[in-house]
>>> print(open('model_13.cif').read())   # mmCIF, C-alpha atoms
data_my_file
loop_
_atom_site.label_atom_id
_atom_site.label_comp_id
_atom_site.auth_asym_id
_atom_site.auth_seq_id
_atom_site.Cartn_x
_atom_site.Cartn_y
_atom_site.Cartn_z
CA MET H 1 -14.21 20.72 71.81
CA LYS H 2 -17.60 20.30 70.22
CA SER H 3 -20.32 18.39 72.01
CA PRO H 4 -21.81 15.37 70.12
CA SER H 5 -25.02 17.24 69.45
CA ALA H 6 -23.15 20.20 67.98
CA ARG H 7 -21.19 17.90 65.70
CA ARG H 8 -24.42 16.38 64.39
CA LYS H 9 -25.78 19.83 63.66
CA GLY H 10 -22.67 20.83 61.81
CA GLY H 11 -22.86 17.82 59.47
CA SER H 12 -26.48 18.32 58.45
CA HIS H 13 -25.82 20.58 55.48
CA GLN H 14 -27.84 19.66 52.34
CA ILE H 15 -26.37 16.98 50.07
CA GLU H 16 -27.64 16.86 46.51
CA LEU H 17 -27.41 13.57 44.66
CA ASN H 18 -26.35 14.08 41.05
CA LEU H 19 -29.03 12.15 39.16
CA VAL H 20 -27.93 13.16 35.66
CA PRO H 21 -25.48 10.26 35.03
CA ILE H 22 -28.03 7.78 36.42
CA ILE H 23 -30.67 9.13 34.03
CA ASP H 24 -28.16 8.91 31.17
CA THR H 25 -27.58 5.23 31.96
CA MET H 26 -31.29 4.54 32.21
CA VAL H 27 -32.07 6.22 28.90
CA THR H 28 -29.35 4.16 27.21
CA LEU H 29 -30.65 0.95 28.81
CA ILE H 30 -34.26 1.67 27.87
CA ALA H 31 -33.28 2.46 24.28
CA PHE H 32 -31.29 -0.79 24.06
CA LEU H 33 -34.11 -2.87 25.53
CA LEU H 34 -36.72 -1.26 23.30
CA PHE H 35 -34.66 -2.05 20.21
CA THR H 36 -33.91 -5.64 21.13
CA THR H 37 -37.10 -6.80 22.85
CA SER H 38 -39.59 -8.72 20.80
CA PHE H 39 -43.13 -8.06 21.97
CA LEU H 40 -44.47 -10.88 19.81
CA ALA H 41 -45.15 -13.70 22.25
CA ILE H 42 -44.89 -16.99 20.43
CA ALA H 43 -45.49 -20.52 21.63
CA SER H 44 -44.90 -23.91 20.10
CA ILE H 45 -46.52 -27.31 19.90
CA GLU H 46 -44.13 -30.22 19.49
CA SER H 47 -44.77 -33.25 17.35
CA PRO H 48 -42.24 -36.00 16.60
CA PHE H 49 -41.83 -37.57 13.19
CA PRO H 50 -43.54 -40.97 13.46
CA GLN H 51 -41.04 -43.81 13.61
CA ALA H 52 -41.55 -47.54 13.69
CA SER H 53 -40.34 -48.96 16.98
CA SER H 54 -39.75 -52.60 17.74
CA SER H 55 -38.56 -52.30 21.36
CA ARG H 56 -41.98 -52.46 23.00
CA THR H 57 -43.70 -54.71 20.49
CA LYS H 58 -43.70 -57.83 22.68
CA GLU H 59 -44.79 -55.86 25.71
CA GLN H 60 -47.54 -54.18 23.74
CA LEU H 61 -48.81 -57.47 22.39
CA LYS H 62 -49.77 -58.52 25.94
CA GLU H 63 -52.41 -55.83 25.85
CA LYS H 64 -53.98 -54.15 22.87
CA PRO H 65 -52.61 -50.60 22.56
CA LEU H 66 -55.03 -47.69 22.78
CA GLN H 67 -53.74 -45.80 19.72
CA LEU H 68 -56.21 -43.02 20.32
CA THR H 69 -56.91 -41.47 16.92
CA VAL H 70 -58.73 -38.31 15.87
CA SER H 71 -59.68 -38.32 12.19
CA ILE H 72 -60.76 -34.99 10.74
CA ARG H 73 -62.73 -35.38 7.54
CA PRO H 74 -64.41 -32.60 5.53
CA ALA H 75 -67.88 -33.30 6.98
CA GLU H 76 -67.23 -35.10 10.28
CA THR H 77 -64.73 -35.81 13.01
CA GLU H 78 -64.19 -39.27 14.41
CA ILE H 79 -62.47 -40.33 17.62
CA TRP H 80 -61.59 -43.99 17.62
CA SER H 81 -59.15 -46.71 18.53
CA PRO H 82 -57.97 -49.15 15.80
CA PHE H 83 -58.12 -51.90 18.46
CA ASP H 84 -61.64 -50.96 19.61
CA ARG H 85 -60.57 -50.13 23.15
CA PHE H 86 -63.59 -47.80 23.40
CA PRO H 87 -66.69 -47.24 21.26
CA LYS H 88 -66.08 -45.06 18.22
CA LYS H 89 -67.46 -41.50 18.51
CA THR H 90 -68.37 -39.33 15.57
CA ALA H 91 -69.74 -35.80 15.28
CA PRO H 92 -70.52 -33.69 12.22
CA ASN H 93 -68.36 -30.62 11.66
CA PRO H 94 -70.29 -27.38 12.30
CA ILE H 95 -68.32 -25.74 9.45
CA PRO H 96 -66.96 -27.99 6.68
CA GLY H 97 -63.35 -28.88 7.46
CA GLN H 98 -63.47 -27.51 11.00
CA PRO H 99 -64.15 -30.03 13.77
CA ASP H 100 -66.48 -29.40 16.70
CA ILE H 101 -63.81 -28.47 19.23
CA LYS H 102 -66.13 -28.94 22.22
CA PHE H 103 -67.04 -32.44 21.08
CA VAL H 104 -63.36 -33.35 20.60
CA HIS H 105 -62.33 -31.96 23.98
CA ASP H 106 -65.23 -33.43 25.97
CA THR H 107 -64.82 -36.87 24.37
CA LEU H 108 -61.09 -36.86 25.06
CA ILE H 109 -61.69 -35.95 28.69
CA GLN H 110 -63.97 -38.99 29.04
CA ILE H 111 -61.29 -41.17 27.41
CA LYS H 112 -58.58 -39.69 29.68
CA HIS H 113 -60.66 -40.70 32.70
CA GLN H 114 -60.73 -44.23 31.27
CA PHE H 115 -57.00 -44.29 30.38
CA PRO H 116 -55.32 -41.74 32.68
CA ALA H 117 -51.75 -42.88 31.96
CA GLU H 118 -52.08 -42.46 28.19
CA THR H 119 -50.28 -39.40 26.80
CA LYS H 120 -50.15 -40.07 23.05
CA ILE H 121 -52.72 -39.18 20.45
CA ILE H 122 -52.71 -39.60 16.69
CA ILE H 123 -54.22 -36.93 14.51
CA VAL H 124 -55.31 -37.77 10.96
CA PRO H 125 -56.50 -34.59 9.25
CA PHE H 126 -57.61 -34.49 5.63
CA SER H 127 -55.42 -32.48 3.27
CA GLY H 128 -57.60 -29.33 3.21
CA VAL H 129 -57.53 -28.62 6.97
CA THR H 130 -56.03 -25.19 7.60
CA TYR H 131 -53.09 -24.55 9.93
CA ASP H 132 -55.39 -22.50 12.16
CA THR H 133 -57.79 -25.44 12.57
CA LEU H 134 -54.86 -27.80 13.19
CA ILE H 135 -53.49 -25.64 16.00
CA THR H 136 -56.94 -25.20 17.60
CA THR H 137 -57.62 -28.94 17.42
CA MET H 138 -54.20 -29.82 18.82
CA ASP H 139 -54.77 -27.36 21.69
CA SER H 140 -58.07 -29.04 22.55
CA MET H 141 -56.36 -32.46 22.45
CA ARG H 142 -53.33 -31.49 24.53
CA MET H 143 -54.55 -29.21 27.26
CA MET H 144 -57.06 -29.21 30.09
CA ASP H 145 -59.31 -26.17 30.45
CA PRO H 146 -59.68 -24.50 33.84
CA THR H 147 -63.38 -25.42 33.74
CA ASP H 148 -62.72 -29.12 33.15
CA PRO H 149 -63.41 -31.48 36.07
CA PRO H 150 -60.08 -32.15 37.79
CA PHE H 151 -58.71 -35.61 38.04
CA TYR H 152 -55.68 -37.07 39.69
CA LEU H 153 -53.04 -39.62 38.87
CA LYS H 154 -50.78 -41.34 41.37
CA ASN H 155 -47.13 -40.33 41.05
CA GLU H 156 -45.21 -43.61 41.04
CA LYS H 157 -42.14 -42.04 42.67
CA THR H 158 -43.84 -40.24 45.55
CA GLY H 159 -47.04 -42.27 45.83
CA ILE H 160 -49.03 -39.03 46.04
CA ASP H 161 -52.05 -38.27 43.86
CA GLU H 162 -51.23 -35.33 41.62
CA ALA H 163 -53.56 -33.24 39.48
CA VAL H 164 -53.24 -34.00 35.78
CA LYS H 165 -52.63 -30.76 33.89
CA THR H 166 -52.45 -32.08 30.35
CA LEU H 167 -54.77 -34.27 28.34
CA PHE H 168 -52.80 -35.99 25.58
CA PRO H 169 -49.68 -33.83 25.11
CA GLU H 170 -47.85 -36.06 22.60
CA VAL H 171 -49.47 -35.41 19.22
CA ILE H 172 -48.35 -37.54 16.29
CA PHE H 173 -49.47 -37.14 12.70
CA GLY H 174 -50.80 -40.39 11.34
CA ASN H 175 -50.97 -39.72 7.62
CA LEU H 176 -47.71 -38.10 6.56
CA LEU H 177 -47.48 -40.40 3.56
CA GLY H 178 -50.85 -39.32 2.21
CA ASP H 179 -54.58 -39.69 2.77
CA THR H 180 -55.63 -43.26 3.35
CA MET Y 1 -54.42 59.64 29.78
CA ALA Y 2 -55.82 56.20 30.01
CA SER Y 3 -53.21 54.95 27.54
CA VAL Y 4 -50.39 56.50 29.63
CA ALA Y 5 -51.79 54.83 32.76
CA THR Y 6 -51.98 51.50 30.97
CA SER Y 7 -48.45 51.74 29.62
CA SER Y 8 -47.05 52.69 33.02
CA GLY Y 9 -48.95 49.73 34.55
CA THR Y 10 -47.52 47.36 31.97
CA SER Y 11 -43.98 48.60 32.50
CA ARG Y 12 -44.39 48.21 36.28
CA LYS Y 13 -45.54 44.61 35.71
CA ALA Y 14 -42.58 43.99 33.42
CA ILE Y 15 -40.18 45.31 36.04
CA ARG Y 16 -41.80 43.05 38.68
CA GLY Y 17 -41.57 40.12 36.28
CA ARG Y 18 -37.88 40.75 35.71
CA GLY Y 19 -37.33 40.48 39.43
CA ARG Y 20 -39.23 37.17 39.55
CA ARG Y 21 -37.23 35.82 36.61
CA LYS Y 22 -34.02 36.71 38.41
CA ARG Y 23 -35.24 34.92 41.52
CA MET Y 24 -36.18 31.84 39.45
CA ARG Y 25 -32.80 31.75 37.74
CA ASN Y 26 -31.13 31.72 41.10
CA GLY Y 27 -33.30 29.10 42.80
CA PHE Y 28 -34.70 26.93 39.95
CA GLU Y 29 -33.98 23.20 40.19
CA LEU Y 30 -35.41 20.51 37.92
CA GLN Y 31 -37.22 17.85 39.94
CA LEU Y 32 -35.66 14.66 38.59
CA THR Y 33 -37.12 12.28 41.18
CA SER Y 34 -40.45 11.79 39.38
CA LEU Y 35 -38.60 11.31 36.08
CA MET Y 36 -36.45 8.67 37.75
CA ASP Y 37 -39.61 6.93 39.01
CA VAL Y 38 -41.01 6.73 35.47
CA PHE Y 39 -37.71 5.45 34.09
CA VAL Y 40 -37.44 2.78 36.78
CA ILE Y 41 -40.97 1.53 36.01
CA ILE Y 42 -40.27 1.39 32.25
CA LEU Y 43 -36.96 -0.35 32.88
CA VAL Y 44 -38.52 -2.99 35.14
CA PHE Y 45 -41.29 -3.65 32.59
CA LEU Y 46 -38.80 -3.98 29.74
CA LEU Y 47 -36.48 -6.23 31.71
CA LYS Y 48 -39.42 -8.46 32.65
CA SER Y 49 -40.60 -8.82 29.07
CA TYR Y 50 -37.00 -9.19 27.87
CA SER Y 51 -36.39 -12.32 29.92
CA ALA Y 52 -39.43 -13.97 28.30
CA SER Y 53 -38.20 -13.46 24.75
CA THR Y 54 -34.90 -15.26 24.50
CA ASN Y 55 -35.52 -16.86 21.13
CA SER Y 56 -34.57 -15.31 17.83
CA PHE Y 57 -37.52 -16.28 15.66
CA SER Y 58 -38.05 -14.03 12.73
CA THR Y 59 -41.17 -13.68 10.67
CA VAL Y 60 -42.19 -12.42 7.26
CA PRO Y 61 -44.43 -9.43 6.51
CA GLY Y 62 -48.11 -10.21 6.09
CA ILE Y 63 -48.10 -13.58 7.86
CA LYS Y 64 -51.11 -14.24 10.10
CA LEU Y 65 -50.25 -16.73 12.82
CA PRO Y 66 -52.99 -18.69 14.58
CA LEU Y 67 -53.48 -18.42 18.34
CA THR Y 68 -52.55 -21.16 20.78
CA GLY Y 69 -52.99 -21.72 24.49
CA SER Y 70 -49.76 -23.73 24.66
CA PRO Y 71 -47.42 -22.43 27.37
CA ASP Y 72 -44.25 -23.82 25.74
CA ASN Y 73 -41.68 -21.30 24.56
CA PRO Y 74 -39.88 -22.59 21.48
CA PRO Y 75 -36.11 -22.97 21.81
CA ASP Y 76 -33.90 -21.75 18.98
CA SER Y 77 -33.89 -24.04 15.98
CA LEU Y 78 -33.96 -24.00 12.21
CA GLN Y 79 -37.23 -22.63 10.93
CA VAL Y 80 -39.32 -22.74 7.83
CA ILE Y 81 -41.96 -20.07 7.22
CA ILE Y 82 -44.88 -20.77 4.90
CA THR Y 83 -47.32 -18.22 3.56
CA PRO Y 84 -49.78 -18.70 0.68
CA GLU Y 85 -47.24 -16.86 -1.49
CA ALA Y 86 -43.86 -18.43 -0.69
CA MET Y 87 -41.72 -20.62 1.52
CA THR Y 88 -38.77 -19.23 3.49
CA PHE Y 89 -36.06 -21.27 5.16
CA GLU Y 90 -33.74 -19.51 7.58
CA ASN Y 91 -34.66 -16.08 6.18
CA GLU Y 92 -33.99 -17.20 2.60
CA ARG Y 93 -36.89 -17.47 0.17
CA ILE Y 94 -36.55 -20.94 -1.29
CA LEU Y 95 -39.68 -21.23 -3.42
CA ASP Y 96 -42.72 -19.34 -4.65
CA PHE Y 97 -46.14 -20.90 -4.91
CA VAL Y 98 -48.31 -20.73 -7.99
CA GLN Y 99 -51.45 -18.72 -7.23
CA THR Y 100 -54.66 -20.53 -8.12
CA ALA Y 101 -58.29 -19.47 -8.12
CA GLY Y 102 -59.12 -21.57 -5.04
CA ASP Y 103 -62.41 -23.22 -4.26
CA ALA Y 104 -65.49 -21.04 -3.86
CA GLY Y 105 -66.13 -20.38 -0.18
CA SER Y 106 -62.78 -21.86 0.81
CA ILE Y 107 -61.04 -20.06 3.68
CA SER Y 108 -57.65 -21.28 2.56
CA GLY Y 109 -55.50 -19.21 0.24
CA GLY Y 110 -55.50 -20.51 -3.34
CA TYR Y 111 -51.95 -21.67 -4.00
CA ALA Y 112 -50.10 -24.73 -5.29
CA PHE Y 113 -46.57 -26.05 -5.68
CA LYS Y 114 -44.90 -25.78 -9.06
CA LYS Y 115 -44.64 -29.24 -10.62
CA THR Y 116 -40.85 -28.89 -10.82
CA ASP Y 117 -40.59 -28.19 -7.07
CA VAL Y 118 -41.88 -31.60 -5.92
CA ASP Y 119 -40.92 -35.21 -6.49
CA GLU Y 120 -41.65 -38.68 -4.98
CA GLY Y 121 -45.24 -38.51 -6.12
CA GLY Y 122 -45.69 -34.91 -4.98
CA ARG Y 123 -44.67 -35.67 -1.39
CA ARG Y 124 -41.17 -34.20 -1.24
CA VAL Y 125 -40.35 -30.52 -1.76
CA ILE Y 126 -37.04 -30.42 -3.63
CA PRO Y 127 -35.81 -26.89 -2.75
CA LEU Y 128 -36.66 -27.46 0.92
CA TYR Y 129 -34.94 -30.85 0.94
CA ASP Y 130 -31.77 -29.30 -0.52
CA ALA Y 131 -31.83 -26.46 2.02
CA LEU Y 132 -32.44 -28.85 4.92
CA MET Y 133 -29.61 -31.16 3.85
CA LYS Y 134 -27.27 -28.17 3.52
CA ALA Y 135 -28.21 -27.01 7.02
CA ARG Y 136 -27.77 -30.52 8.37
CA ASP Y 137 -24.31 -30.90 6.81
CA LYS Y 138 -23.31 -27.53 8.26
CA ALA Y 139 -24.59 -28.48 11.73
CA GLU Y 140 -22.80 -31.83 11.61
CA LEU Y 141 -19.55 -30.20 10.50
CA LEU Y 142 -19.77 -27.73 13.38
CA ARG Y 143 -20.47 -30.55 15.81
CA ALA Y 144 -17.49 -32.55 14.49
CA LYS Y 145 -15.24 -29.54 15.11
CA SER Y 146 -16.76 -28.74 18.49
CA ALA Y 147 -15.06 -29.79 21.73
CA LYS Y 148 -18.37 -31.10 23.09
CA ARG Y 149 -18.48 -34.90 22.94
CA ASP Y 150 -20.77 -37.64 24.14
CA ALA Y 151 -19.81 -40.40 26.61
CA ASN Y 152 -18.03 -42.39 23.86
CA GLY Y 153 -16.00 -39.38 22.73
CA GLN Y 154 -18.04 -39.01 19.56
CA PRO Y 155 -19.43 -35.67 18.32
CA LEU Y 156 -22.93 -34.92 19.60
CA PRO Y 157 -25.62 -36.28 17.26
CA PHE Y 158 -27.61 -33.96 15.01
CA GLU Y 159 -30.72 -32.82 16.87
CA GLY Y 160 -32.93 -32.60 13.79
CA GLU Y 161 -35.41 -30.04 15.11
CA LEU Y 162 -37.43 -27.88 12.77
CA ALA Y 163 -39.79 -25.04 13.67
CA ILE Y 164 -42.71 -24.67 11.28
CA GLN Y 165 -44.27 -21.22 11.17
CA ALA Y 166 -47.25 -21.12 8.85
CA ASP Y 167 -49.93 -18.64 7.95
CA LYS Y 168 -53.31 -19.65 9.38
CA ARG Y 169 -54.67 -20.19 5.82
CA VAL Y 170 -51.97 -22.71 4.86
CA GLU Y 171 -53.40 -26.17 4.35
CA TYR Y 172 -52.35 -29.38 6.03
CA ASP Y 173 -51.36 -30.82 2.64
CA THR Y 174 -48.50 -28.29 2.47
CA ILE Y 175 -47.49 -28.89 6.09
CA ARG Y 176 -47.54 -32.63 5.48
CA LYS Y 177 -45.21 -32.23 2.50
CA ILE Y 178 -42.85 -30.17 4.66
CA MET Y 179 -42.87 -32.76 7.44
CA TYR Y 180 -42.32 -35.59 4.97
CA THR Y 181 -39.43 -33.70 3.35
CA ALA Y 182 -37.88 -32.90 6.73
CA GLY Y 183 -38.31 -36.50 7.86
CA SER Y 184 -36.52 -37.77 4.76
CA ALA Y 185 -33.68 -35.30 5.48
CA GLY Y 186 -33.24 -36.72 9.00
CA TYR Y 187 -35.25 -34.18 11.02
CA LYS Y 188 -37.14 -35.92 13.80
CA LEU Y 189 -38.94 -33.24 15.74
CA PHE Y 190 -41.28 -30.50 14.55
CA ARG Y 191 -42.41 -27.44 16.45
CA PHE Y 192 -45.53 -25.70 15.24
CA ILE Y 193 -45.26 -22.00 15.95
CA ALA Y 194 -48.28 -19.89 16.87
CA MET Y 195 -49.03 -16.73 18.82
CA LYS Y 196 -49.78 -17.02 22.51
CA LYS Y 197 -53.45 -16.42 23.26
CA ASP Y 198 -52.85 -14.22 26.30
CA ALA Y 199 -50.48 -12.01 24.30
CA GLY Y 200 -53.49 -10.33 22.74
#
>>> encode(input="model_13.cif", output="structure tokens")
Amino acid sequence: MKSPSARRKGGSHQIELNLVPIIDTMVTLIAFLLFTTSFLAIASIESPFPQASSSRTKEQLKEKPLQLTVSIRPAETEIWSPFDRFPKKTAPNPIPGQPDIKFVHDTLIQIKHQFPAETKIIIVPFSGVTYDTLITTMDSMRMMDPTDPPFYLKNEKTGIDEAVKTLFPEVIFGNLLGDT
Amino acid sequence: MASVATSSGTSRKAIRGRGRRKRMRNGFELQLTSLMDVFVIILVFLLKSYSASTNSFSTVPGIKLPLTGSPDNPPDSLQVIITPEAMTFENERILDFVQTAGDAGSISGGYAFKKTDVDEGGRRVIPLYDALMKARDKAELLRAKSAKRDANGQPLPFEGELAIQADKRVEYDTIRKIMYTAGSAGYKLFRFIAMKKDAG
């Protein structure tokens, strides 16, 4: 009868793992993934089609709505409220048709501090604004930059102050029927 | 003499080499472990990037998308692609623009709609409206046949989502016409497609 140590010695002959089928599987998987993966990272910005609503009209009449509006004109950009909830702010465009993004963003941050619960913004571009400028302007209206001063809003469910990560995320186009 | 010495030296080397070759043939094993390491790394990278790209958005050659910092990934929906040359709806070219000279110094591409392609005072794009209505009818038919129902047992309502993918030079006037046309065809939500900034 073999002693336990002798048995251990006897079983220690070299085992070689056959890696070839594993490599075959991996090559097939990599080929499949390379063919089907899209390396183009795309993102989207949502905007609803403006619709007339009557449900909140009475409620809204108690207090003048903000209706924060950004009008992009060929020579200048204006940030205003049709109900004069804050003083109108205007800045000339550094390049014709392209608004001063810093001015737009900084002004909207000030307005967000004044109206932290507001999420909607109306954009009224003139017809010659390019898609590139539209996307850049919408980005500056929707998102906070990491360098922006943080501010907090009380969560009504938990009662805890939470950092606001977005500026005015709901962008609505105000002149789909034509320039006014 | 020297040549004889050289040739005998060479032959001795050849004989020694034959011996080495024999030894190699007997004991040579391909080291697959490092190859496996490389494959595993590639596989992990591909799987990670694969999970982030679940949508099936197509594009057209030559389109230059603007960059956005938006973190939202667009879900699958009907899409219209606009370049300064043509408009494509669901991979089907539905209209070609007329090329114009464009304003001097203008960064936008010089293009315009054909007069026969628009109506309602130039606001509605007829070929796009027809294509959108066709797609809507198809979607509603599929929903009517589907087993999925709402709380009242009715077929699920038409979502009416449209992804707009435009070249960075396309003007708002064109995008406005598309939104107006889509709105009149019952589409309620638009998604503006752009390239993620951090994607390089």
>>> closest_residue(input="model_13.cif", among="Y:Gly153, Y:Pro71, Y:Pro66, Y:Pro61", to="Thr166 of chain H", atoms="all atoms listed in the file")
Y:Pro71
>>> resolve_selection(input="model_13.cif", expression="the PyMOL selection byres ((chain H) within 7 of (chain Y))", output="VMD selection string")
chain H and resid 23 26 30 33 37 to 38 41 to 49 127 to 132 135 to 136 139 176
>>> atom_distance(input="model_13.cif", atom1="atom CA of His113 of chain H", atom2="atom CA of Ile95 of chain H")
28.7 Å
>>> atom_distance(input="model_13.cif", atom1="atom CA of Pro92 of chain H", atom2="atom CA of Gln114 of chain H")
23.9 Å
>>> atom_distance(input="model_13.cif", atom1="atom CA of Met144 of chain H", atom2="atom CA of Ile109 of chain H")
8.3 Å
>>> resolve_selection(input="model_13.cif", expression="the PyMOL selection byres ((chain Y and resi 88) around 12)", output="PyMOL selection string")
chain Y and resi 58-61+63+78-87+89-97+127-128+131-132+163-166+178
>>> resolve_selection(input="model_13.cif", expression="the PyMOL selection byres ((chain H and resi 107) around 12)", output="JSON, numbers by chain")
{"H": [68, 69, 70, 77, 78, 79, 80, 86, 87, 88, 89, 90, 91, 100, 101, 102, 103, 104, 105, 106, 108, 109, 110, 111, 112, 113, 114, 140, 141, 148, 167]}
>>> closest_residue(input="model_13.cif", among="H:Leu153, H:Leu134, H:Asn93, H:Pro82", to="Pro116 of chain H", atoms="only C-alpha atoms")
H:Leu153
>>> residues_around(input="model_13.cif", residues="Lys115 of chain Y", least_positions_apart="4", cutoff="10 Å", atoms="all atoms listed in the file", output="short mmCIF file (atom, residue, chain, number, x, y, z; two decimals) with C-alpha atoms, keeping the file's coordinate frame")
data_model
loop_
_atom_site.label_atom_id
_atom_site.label_comp_id
_atom_site.auth_asym_id
_atom_site.auth_seq_id
_atom_site.Cartn_x
_atom_site.Cartn_y
_atom_site.Cartn_z
CA VAL Y 98 -48.31 -20.73 -7.99
CA ASP Y 119 -40.92 -35.21 -6.49
CA GLY Y 122 -45.69 -34.91 -4.98
CA VAL Y 125 -40.35 -30.52 -1.76
#
>>> residues_around(input="model_13.cif", residues="Met138 of chain H", least_positions_apart="6", cutoff="9 Å", atoms="all atoms listed in the file", output="list in words")
Ile45, Ile123, Pro169 and Val171 of chain H
>>> decode(input="model_13.cif", residues="segment 87-104 of chain H", atoms="N, CA, C and O atoms", output="JSON list (two decimals), in the first residue's frame")
[["chain", "number", "residue", "atom", "x", "y", "z"],
["H", 87, "PRO", "N", -34.92, 90.92, -15.95],
["H", 87, "PRO", "CA", -34.54, 91.91, -16.98],
["H", 87, "PRO", "C", -33.94, 91.24, -18.22],
["H", 87, "PRO", "O", -33.16, 90.29, -18.11],
["H", 88, "LYS", "N", -34.33, 91.73, -19.36],
["H", 88, "LYS", "CA", -33.88, 91.18, -20.65],
["H", 88, "LYS", "C", -32.36, 91.32, -20.78],
["H", 88, "LYS", "O", -31.80, 92.34, -20.38],
["H", 89, "LYS", "N", -31.70, 90.32, -21.31],
["H", 89, "LYS", "CA", -30.23, 90.40, -21.49],
["H", 89, "LYS", "C", -29.89, 90.13, -22.94],
["H", 89, "LYS", "O", -30.37, 89.18, -23.54],
["H", 90, "THR", "N", -29.05, 90.99, -23.47],
["H", 90, "THR", "CA", -28.68, 90.89, -24.88],
["H", 90, "THR", "C", -27.17, 90.96, -25.03],
["H", 90, "THR", "O", -26.51, 91.69, -24.30],
["H", 91, "ALA", "N", -26.64, 90.19, -25.96],
["H", 91, "ALA", "CA", -25.19, 90.27, -26.25],
["H", 91, "ALA", "C", -24.99, 90.13, -27.75],
["H", 91, "ALA", "O", -25.70, 89.35, -28.41],
["H", 92, "PRO", "N", -24.04, 90.89, -28.32],
["H", 92, "PRO", "CA", -23.79, 90.72, -29.76],
["H", 92, "PRO", "C", -23.12, 89.38, -30.04],
["H", 92, "PRO", "O", -22.41, 88.84, -29.20],
["H", 93, "ASN", "N", -23.38, 88.84, -31.23],
["H", 93, "ASN", "CA", -22.76, 87.57, -31.61],
["H", 93, "ASN", "C", -21.32, 87.82, -32.05],
["H", 93, "ASN", "O", -21.09, 88.70, -32.88],
["H", 94, "PRO", "N", -20.35, 87.08, -31.53],
["H", 94, "PRO", "CA", -18.96, 87.29, -31.94],
["H", 94, "PRO", "C", -18.76, 87.01, -33.43],
["H", 94, "PRO", "O", -17.98, 87.68, -34.10],
["H", 95, "ILE", "N", -19.46, 85.99, -33.95],
["H", 95, "ILE", "CA", -19.47, 85.70, -35.39],
["H", 95, "ILE", "C", -20.93, 85.77, -35.81],
["H", 95, "ILE", "O", -21.80, 85.23, -35.10],
["H", 96, "PRO", "N", -21.25, 86.44, -36.93],
["H", 96, "PRO", "CA", -22.66, 86.55, -37.32],
["H", 96, "PRO", "C", -23.36, 85.19, -37.37],
["H", 96, "PRO", "O", -22.85, 84.25, -37.99],
["H", 97, "GLY", "N", -24.48, 85.11, -36.69],
["H", 97, "GLY", "CA", -25.26, 83.86, -36.68],
["H", 97, "GLY", "C", -24.85, 82.87, -35.61],
["H", 97, "GLY", "O", -25.51, 81.85, -35.44],
["H", 98, "GLN", "N", -23.75, 83.16, -34.92],
["H", 98, "GLN", "CA", -23.30, 82.23, -33.87],
["H", 98, "GLN", "C", -23.29, 82.94, -32.52],
["H", 98, "GLN", "O", -22.50, 83.87, -32.32],
["H", 99, "PRO", "N", -24.17, 82.53, -31.60],
["H", 99, "PRO", "CA", -24.25, 83.25, -30.33],
["H", 99, "PRO", "C", -23.00, 83.08, -29.47],
["H", 99, "PRO", "O", -22.23, 82.13, -29.64],
["H", 100, "ASP", "N", -22.82, 84.02, -28.54],
["H", 100, "ASP", "CA", -21.73, 83.96, -27.57],
["H", 100, "ASP", "C", -22.13, 82.91, -26.53],
["H", 100, "ASP", "O", -22.94, 83.17, -25.63],
["H", 101, "ILE", "N", -21.57, 81.72, -26.68],
["H", 101, "ILE", "CA", -21.97, 80.58, -25.85],
["H", 101, "ILE", "C", -21.73, 80.86, -24.36],
["H", 101, "ILE", "O", -22.54, 80.49, -23.52],
["H", 102, "LYS", "N", -20.64, 81.53, -24.06],
["H", 102, "LYS", "CA", -20.31, 81.82, -22.65],
["H", 102, "LYS", "C", -21.36, 82.76, -22.04],
["H", 102, "LYS", "O", -21.81, 82.54, -20.93],
["H", 103, "PHE", "N", -21.76, 83.75, -22.83],
["H", 103, "PHE", "CA", -22.79, 84.68, -22.36],
["H", 103, "PHE", "C", -24.09, 83.92, -22.10],
["H", 103, "PHE", "O", -24.73, 84.11, -21.05],
["H", 104, "VAL", "N", -24.48, 83.07, -23.03],
["H", 104, "VAL", "CA", -25.73, 82.31, -22.89],
["H", 104, "VAL", "C", -25.68, 81.45, -21.63],
["H", 104, "VAL", "O", -26.58, 81.48, -20.79]]
